[in-house]
file work-v3.pdb (PDB, C-alpha atoms and all ligand atoms)
MODEL        1
ATOM      1  CA  MET A 384     -12.935  -5.997  14.988  1.00  0.00           C
ATOM      2  CA  LYS A 385     -12.350  -4.604  11.481  1.00  0.00           C
ATOM      3  CA  LYS A 386     -10.405  -6.545   8.899  1.00  0.00           C
ATOM      4  CA  ILE A 387      -7.788  -4.626   6.945  1.00  0.00           C
ATOM      5  CA  LEU A 388      -5.682  -5.998   4.120  1.00  0.00           C
ATOM      6  CA  ILE A 389      -2.358  -4.337   3.310  1.00  0.00           C
ATOM      7  CA  ILE A 390      -0.990  -5.069  -0.153  1.00  0.00           C
ATOM      8  CA  ASN A 391       2.546  -4.063  -1.073  1.00  0.00           C
ATOM      9  CA  GLY A 392       3.696  -4.241  -4.666  1.00  0.00           C
ATOM     10  CA  PRO A 393       7.073  -4.716  -6.327  1.00  0.00           C
ATOM     11  CA  ASN A 394      10.330  -4.112  -4.455  1.00  0.00           C
ATOM     12  CA  LEU A 395       8.616  -3.220  -1.206  1.00  0.00           C
ATOM     13  CA  ASN A 396       9.960  -6.509   0.190  1.00  0.00           C
ATOM     14  CA  LEU A 397      13.360  -4.757   0.074  1.00  0.00           C
ATOM     15  CA  LEU A 398      12.428  -1.976   2.502  1.00  0.00           C
ATOM     16  CA  GLY A 399      15.235  -1.180   4.914  1.00  0.00           C
ATOM     17  CA  LYS A 400      17.877  -2.065   2.310  1.00  0.00           C
ATOM     18  CA  ARG A 401      16.383  -0.329  -0.700  1.00  0.00           C
ATOM     19  CA  GLU A 402      17.394   3.339  -1.267  1.00  0.00           C
ATOM     20  CA  PRO A 403      17.228   4.106   2.484  1.00  0.00           C
ATOM     21  CA  ASP A 404      17.575   7.857   1.823  1.00  0.00           C
ATOM     22  CA  ILE A 405      14.172   7.698   0.086  1.00  0.00           C
ATOM     23  CA  TYR A 406      12.385   4.836   1.859  1.00  0.00           C
ATOM     24  CA  GLY A 407      14.033   4.845   5.303  1.00  0.00           C
ATOM     25  CA  THR A 408      15.840   2.133   7.229  1.00  0.00           C
ATOM     26  CA  LEU A 409      12.920   0.225   8.749  1.00  0.00           C
ATOM     27  CA  THR A 410      12.281  -3.190   7.238  1.00  0.00           C
ATOM     28  CA  TRP A 411       8.728  -4.115   6.276  1.00  0.00           C
ATOM     29  CA  ASP A 412       8.621  -6.688   9.091  1.00  0.00           C
ATOM     30  CA  GLU A 413       9.423  -3.916  11.578  1.00  0.00           C
ATOM     31  CA  MET A 414       6.806  -1.644  10.042  1.00  0.00           C
ATOM     32  CA  LEU A 415       4.146  -4.351  10.084  1.00  0.00           C
ATOM     33  CA  GLU A 416       4.933  -5.150  13.716  1.00  0.00           C
ATOM     34  CA  GLN A 417       4.424  -1.461  14.608  1.00  0.00           C
ATOM     35  CA  LEU A 418       1.126  -1.345  12.689  1.00  0.00           C
ATOM     36  CA  ARG A 419      -0.169  -4.532  14.317  1.00  0.00           C
ATOM     37  CA  SER A 420       0.797  -3.350  17.788  1.00  0.00           C
ATOM     38  CA  LYS A 421      -0.712   0.136  17.252  1.00  0.00           C
ATOM     39  CA  PHE A 422      -4.035  -1.290  16.107  1.00  0.00           C
ATOM     40  CA  SER A 423      -4.167  -4.421  18.261  1.00  0.00           C
ATOM     41  CA  GLY A 424      -7.681  -4.949  19.532  1.00  0.00           C
ATOM     42  CA  GLU A 425      -9.117  -2.672  16.821  1.00  0.00           C
ATOM     43  CA  ALA A 426      -8.026  -4.204  13.538  1.00  0.00           C
ATOM     44  CA  GLU A 427      -6.969  -7.544  12.240  1.00  0.00           C
ATOM     45  CA  ILE A 428      -4.256  -6.715   9.732  1.00  0.00           C
ATOM     46  CA  GLU A 429      -3.561  -9.177   6.964  1.00  0.00           C
ATOM     47  CA  TYR A 430      -0.585  -8.633   4.685  1.00  0.00           C
ATOM     48  CA  PHE A 431       0.246  -9.616   1.112  1.00  0.00           C
ATOM     49  CA  GLN A 432       3.251  -8.659  -0.992  1.00  0.00           C
ATOM     50  CA  SER A 433       4.011  -9.518  -4.569  1.00  0.00           C
ATOM     51  CA  ASN A 434       6.383  -8.374  -7.271  1.00  0.00           C
ATOM     52  CA  HIS A 435       3.872  -9.532  -9.910  1.00  0.00           C
ATOM     53  CA  GLU A 436       1.010  -7.458 -11.283  1.00  0.00           C
ATOM     54  CA  GLY A 437      -1.357 -10.406 -11.837  1.00  0.00           C
ATOM     55  CA  ASP A 438      -0.840 -11.712  -8.301  1.00  0.00           C
ATOM     56  CA  ILE A 439      -1.774  -8.294  -6.904  1.00  0.00           C
ATOM     57  CA  ILE A 440      -4.924  -8.328  -9.049  1.00  0.00           C
ATOM     58  CA  ASP A 441      -5.814 -11.869  -7.915  1.00  0.00           C
ATOM     59  CA  ARG A 442      -5.422 -10.818  -4.266  1.00  0.00           C
ATOM     60  CA  LEU A 443      -7.522  -7.676  -4.752  1.00  0.00           C
ATOM     61  CA  GLN A 444     -10.277  -9.691  -6.443  1.00  0.00           C
ATOM     62  CA  THR A 445     -10.502 -12.052  -3.478  1.00  0.00           C
ATOM     63  CA  ALA A 446     -10.247  -9.338  -0.795  1.00  0.00           C
ATOM     64  CA  ASP A 447     -12.873  -9.979   1.875  1.00  0.00           C
ATOM     65  CA  CYS A 448     -12.293  -7.181   4.374  1.00  0.00           C
ATOM     66  CA  ASP A 449     -13.346  -3.681   5.424  1.00  0.00           C
ATOM     67  CA  GLY A 450     -10.621  -1.913   3.499  1.00  0.00           C
ATOM     68  CA  VAL A 451      -7.452  -2.410   1.492  1.00  0.00           C
ATOM     69  CA  VAL A 452      -4.339  -0.284   1.995  1.00  0.00           C
ATOM     70  CA  LEU A 453      -2.449  -0.574  -1.287  1.00  0.00           C
ATOM     71  CA  ASN A 454       1.094   0.495  -2.028  1.00  0.00           C
ATOM     72  CA  ALA A 455       1.319  -0.644  -5.621  1.00  0.00           C
ATOM     73  CA  GLY A 456       4.933   0.578  -5.956  1.00  0.00           C
ATOM     74  CA  ALA A 457       5.840   1.368  -9.551  1.00  0.00           C
ATOM     75  CA  TYR A 458       2.607  -0.259 -10.807  1.00  0.00           C
ATOM     76  CA  THR A 459       0.894   2.859  -9.437  1.00  0.00           C
ATOM     77  CA  HIS A 460       2.233   4.734 -12.417  1.00  0.00           C
ATOM     78  CA  THR A 461       1.717   2.094 -15.108  1.00  0.00           C
ATOM     79  CA  SER A 462      -1.051  -0.377 -14.326  1.00  0.00           C
ATOM     80  CA  LEU A 463      -4.414   0.169 -15.951  1.00  0.00           C
ATOM     81  CA  ALA A 464      -5.156  -3.442 -15.028  1.00  0.00           C
ATOM     82  CA  ILE A 465      -4.820  -2.738 -11.285  1.00  0.00           C
ATOM     83  CA  ALA A 466      -6.891   0.449 -11.724  1.00  0.00           C
ATOM     84  CA  ASP A 467      -9.639  -1.571 -13.462  1.00  0.00           C
ATOM     85  CA  CYS A 468      -9.543  -4.162 -10.696  1.00  0.00           C
ATOM     86  CA  ILE A 469      -9.929  -1.541  -7.943  1.00  0.00           C
ATOM     87  CA  ALA A 470     -12.884  -0.069  -9.840  1.00  0.00           C
ATOM     88  CA  ALA A 471     -14.430  -3.536 -10.190  1.00  0.00           C
ATOM     89  CA  ILE A 472     -14.375  -4.590  -6.542  1.00  0.00           C
ATOM     90  CA  ALA A 473     -16.687  -3.393  -3.778  1.00  0.00           C
ATOM     91  CA  VAL A 474     -14.051  -3.157  -1.034  1.00  0.00           C
ATOM     92  CA  PRO A 475     -12.662   0.407  -0.703  1.00  0.00           C
ATOM     93  CA  VAL A 476      -8.966   0.858  -1.454  1.00  0.00           C
ATOM     94  CA  ILE A 477      -6.636   3.621  -0.246  1.00  0.00           C
ATOM     95  CA  GLU A 478      -3.481   4.246  -2.272  1.00  0.00           C
ATOM     96  CA  VAL A 479      -0.453   4.855  -0.061  1.00  0.00           C
ATOM     97  CA  HIS A 480       3.194   5.708  -0.643  1.00  0.00           C
ATOM     98  CA  ILE A 481       6.158   5.915   1.685  1.00  0.00           C
ATOM     99  CA  SER A 482       7.861   8.654  -0.334  1.00  0.00           C
ATOM    100  CA  ASN A 483       6.180  11.840  -1.535  1.00  0.00           C
ATOM    101  CA  VAL A 484       5.586  10.832  -5.150  1.00  0.00           C
ATOM    102  CA  ALA A 485       4.451  14.381  -6.004  1.00  0.00           C
ATOM    103  CA  ALA A 486       7.937  15.639  -5.195  1.00  0.00           C
ATOM    104  CA  ARG A 487       9.782  13.063  -7.316  1.00  0.00           C
ATOM    105  CA  GLU A 488      10.332  12.424 -11.040  1.00  0.00           C
ATOM    106  CA  GLU A 489       7.582  13.444 -13.465  1.00  0.00           C
ATOM    107  CA  ILE A 490       6.491   9.819 -14.116  1.00  0.00           C
ATOM    108  CA  ARG A 491       5.863   9.270 -10.392  1.00  0.00           C
ATOM    109  CA  ARG A 492       3.551  12.290 -10.214  1.00  0.00           C
ATOM    110  CA  ARG A 493       0.968  10.428 -12.273  1.00  0.00           C
ATOM    111  CA  SER A 494      -1.081   7.672 -10.669  1.00  0.00           C
ATOM    112  CA  LEU A 495      -3.230   5.487 -12.899  1.00  0.00           C
ATOM    113  CA  ILE A 496      -4.871   3.892  -9.872  1.00  0.00           C
ATOM    114  CA  ALA A 497      -5.753   7.043  -7.865  1.00  0.00           C
ATOM    115  CA  PRO A 498      -9.056   7.730  -9.688  1.00  0.00           C
ATOM    116  CA  SER A 499     -10.329   4.282  -8.644  1.00  0.00           C
ATOM    117  CA  CYS A 500      -9.232   4.699  -5.005  1.00  0.00           C
ATOM    118  CA  ARG A 501     -11.091   6.176  -2.039  1.00  0.00           C
ATOM    119  CA  GLY A 502      -8.121   8.447  -1.382  1.00  0.00           C
ATOM    120  CA  VAL A 503      -4.350   8.805  -1.580  1.00  0.00           C
ATOM    121  CA  ILE A 504      -1.800   9.275   1.233  1.00  0.00           C
ATOM    122  CA  SER A 505       1.768   9.915   0.143  1.00  0.00           C
ATOM    123  CA  GLY A 506       5.077  10.901   1.669  1.00  0.00           C
ATOM    124  CA  LEU A 507       4.522  10.094   5.333  1.00  0.00           C
ATOM    125  CA  GLY A 508       6.477   6.853   5.578  1.00  0.00           C
ATOM    126  CA  LEU A 509       4.942   4.355   7.979  1.00  0.00           C
ATOM    127  CA  GLN A 510       2.357   6.975   8.910  1.00  0.00           C
ATOM    128  CA  SER A 511       0.882   6.768   5.396  1.00  0.00           C
ATOM    129  CA  TYR A 512      -0.231   3.223   6.302  1.00  0.00           C
ATOM    130  CA  MET A 513      -1.323   4.233   9.826  1.00  0.00           C
ATOM    131  CA  LEU A 514      -3.541   7.046   8.585  1.00  0.00           C
ATOM    132  CA  ALA A 515      -5.136   4.825   5.950  1.00  0.00           C
ATOM    133  CA  ILE A 516      -5.967   2.191   8.583  1.00  0.00           C
ATOM    134  CA  GLN A 517      -7.308   4.883  10.912  1.00  0.00           C
ATOM    135  CA  TYR A 518      -9.653   6.014   8.129  1.00  0.00           C
ATOM    136  CA  PHE A 519     -11.074   2.501   7.746  1.00  0.00           C
ATOM    137  CA  LEU A 520     -11.564   2.268  11.510  1.00  0.00           C
ATOM    138  CA  SER A 521     -13.364   5.618  11.723  1.00  0.00           C
TER
HETATM  139  C1  LIG B   1       6.451   4.010  -3.775  1.00  0.00           C
HETATM  140  C2  LIG B   1       6.685   5.091  -4.833  1.00  0.00           C
HETATM  141  C3  LIG B   1       6.759   4.479  -6.217  1.00  0.00           C
HETATM  142  O1  LIG B   1       6.977   5.487  -7.193  1.00  0.00           O
HETATM  143  C4  LIG B   1       7.901   3.494  -6.284  1.00  0.00           C
HETATM  144  O2  LIG B   1       7.931   2.866  -7.548  1.00  0.00           O
HETATM  145  C5  LIG B   1       7.860   2.484  -5.194  1.00  0.00           C
HETATM  146  C6  LIG B   1       7.498   2.916  -3.849  1.00  0.00           C
HETATM  147  C7  LIG B   1       6.480   4.589  -2.337  1.00  0.00           C
HETATM  148  O3  LIG B   1       5.965   3.914  -1.452  1.00  0.00           O
HETATM  149  O4  LIG B   1       7.020   5.668  -2.114  1.00  0.00           O
HETATM  150  O5  LIG B   1       8.190   1.325  -5.392  1.00  0.00           O
HETATM  151  O6  LIG B   1       5.176   3.446  -3.989  1.00  0.00           O
ENDMDL
END
call {"tool": "encode", "arguments": {"input": "work-v3.pdb", "output": "structure tokens", "more": "lines below"}}
Ligand code: DQA
result
Amino acid sequence: MKKILIINGPNLNLLGKREPDIYGTLTWDEMLEQLRSKFSGEAEIEYFQSNHEGDIIDRLQTADCDGVVLNAGAYTHTSLAIADCIAAIAVPVIEVHISNVAAREEIRRRSLIAPSCRGVISGLGLQSYMLAIQYFLS
């Protein structure tokens, strides 16, 4: 059984309530339940969320798993520290987004962390996470 760690960054704890026209109406608990049930028997999915940059870095540094699915939220566009951390660790990281960041404001079209990641999946809602997990299982 593969071990996958999902890390969600700032404000992703508000999914379901937060700008539902952009991020949908599912709560994160509902999304995580769907992910765990889809991959039951294939992947053990651990989850961590933080609104704090340093906490995300601490969790990445201690990641002991086959792959990390990271939605760094707005830190995607600003955090050289998270980018450095991803480059420093051996565990592969996939950057995911619920919304299509390429179709949004100019600042969201730039990712500081993407060059350190194995790949990027954006704009597919819950399926962004599913596809990233599928990659680690393949
Ligand atoms: C997001 C996109 C980011 O630009 C934004 O700051 C978020 C969520 C997404 O999943 O679509 O918080 O990462």
call {"tool": "closest_residue", "arguments": {"input": "work-v3.pdb", "among": "A:Leu388, A:Val503, A:Ile428, A:Ala471", "to": "Ala446 (chain A)", "atoms": "all atoms listed in the file"}}
result
A:Leu388
call {"tool": "resolve_selection", "arguments": {"input": "work-v3.pdb", "expression": "the PyMOL selection byres (((not hetatm)) within 10 of (chain B and resi 1))", "output": "MDAnalysis selection string"}}
result
chainID A and resid 391:398 401 405:406 453:461 478:485 487:488 490:494 504:509 511:512
call {"tool": "residues_around", "arguments": {"input": "work-v3.pdb", "residues": "Lys400 (chain A)", "least_positions_apart": "4", "cutoff": "9 Å", "atoms": "all atoms listed in the file", "output": "PyMOL selection string"}}
result
chain A and resi 406-410
call {"tool": "closest_residue", "arguments": {"input": "work-v3.pdb", "among": "A:Leu520, A:Leu514, A:Met384, A:Val474", "to": "Gly450 (chain A)", "atoms": "only C-alpha atoms"}}
result
A:Val474
call {"tool": "residues_near_point", "arguments": {"input": "work-v3.pdb", "point": "(-1.8, -9.1, -12.2)", "cutoff": "12 Å", "atoms": "all atoms listed in the file", "output": "list of chain:residue names"}}
result
A:Gly392, A:Pro393, A:Ser433, A:Asn434, A:His435, A:Glu436, A:Gly437, A:Asp438, A:Ile439, A:Ile440, A:Asp441, A:Arg442, A:Leu443, A:Gln444, A:Ala455, A:Tyr458, A:Ser462, A:Leu463, A:Ala464, A:Ile465, A:Ala466, A:Asp467, A:Cys468, A:Ile469
call {"tool": "residues_around", "arguments": {"input": "work-v3.pdb", "residues": "Arg501 (chain A)", "least_positions_apart": "3", "cutoff": "7 Å", "atoms": "all atoms listed in the file", "output": "NGL selection string"}}
result
:A and (475-477)
call {"tool": "resolve_selection", "arguments": {"input": "work-v3.pdb", "expression": "the PyMOL selection byres (((chain A and resi 389) around 7) and not hetatm)", "output": "list in words"}}
result
Ile387, Leu388, Ile390, Asn391, Glu429, Tyr430, Phe431, Val451, Val452 and Leu453 of chain A
call {"tool": "atom_distance", "arguments": {"input": "work-v3.pdb", "atom1": "CA of Lys421 (chain A)", "atom2": "CA of Met513 (chain A)"}}
result
8.5 Å
call {"tool": "atom_distance", "arguments": {"input": "work-v3.pdb", "atom1": "CA of Asp449 (chain A)", "atom2": "CA of Phe422 (chain A)"}}
result
14.4 Å
call {"tool": "closest_residue", "arguments": {"input": "work-v3.pdb", "among": "A:Leu415, A:Ala515, A:Ala470, A:Cys448", "to": "Leu495 (chain A)", "atoms": "all atoms listed in the file"}}
result
A:Ala470
call {"tool": "closest_residue", "arguments": {"input": "work-v3.pdb", "among": "A:Lys386, A:Cys500, A:Met414, A:Ile516", "to": "Glu427 (chain A)", "atoms": "only C-alpha atoms"}}
result
A:Lys386
call {"tool": "atom_distance", "arguments": {"input": "work-v3.pdb", "atom1": "CA of Glu416 (chain A)", "atom2": "CA of Thr445 (chain A)"}}
result
24.1 Å
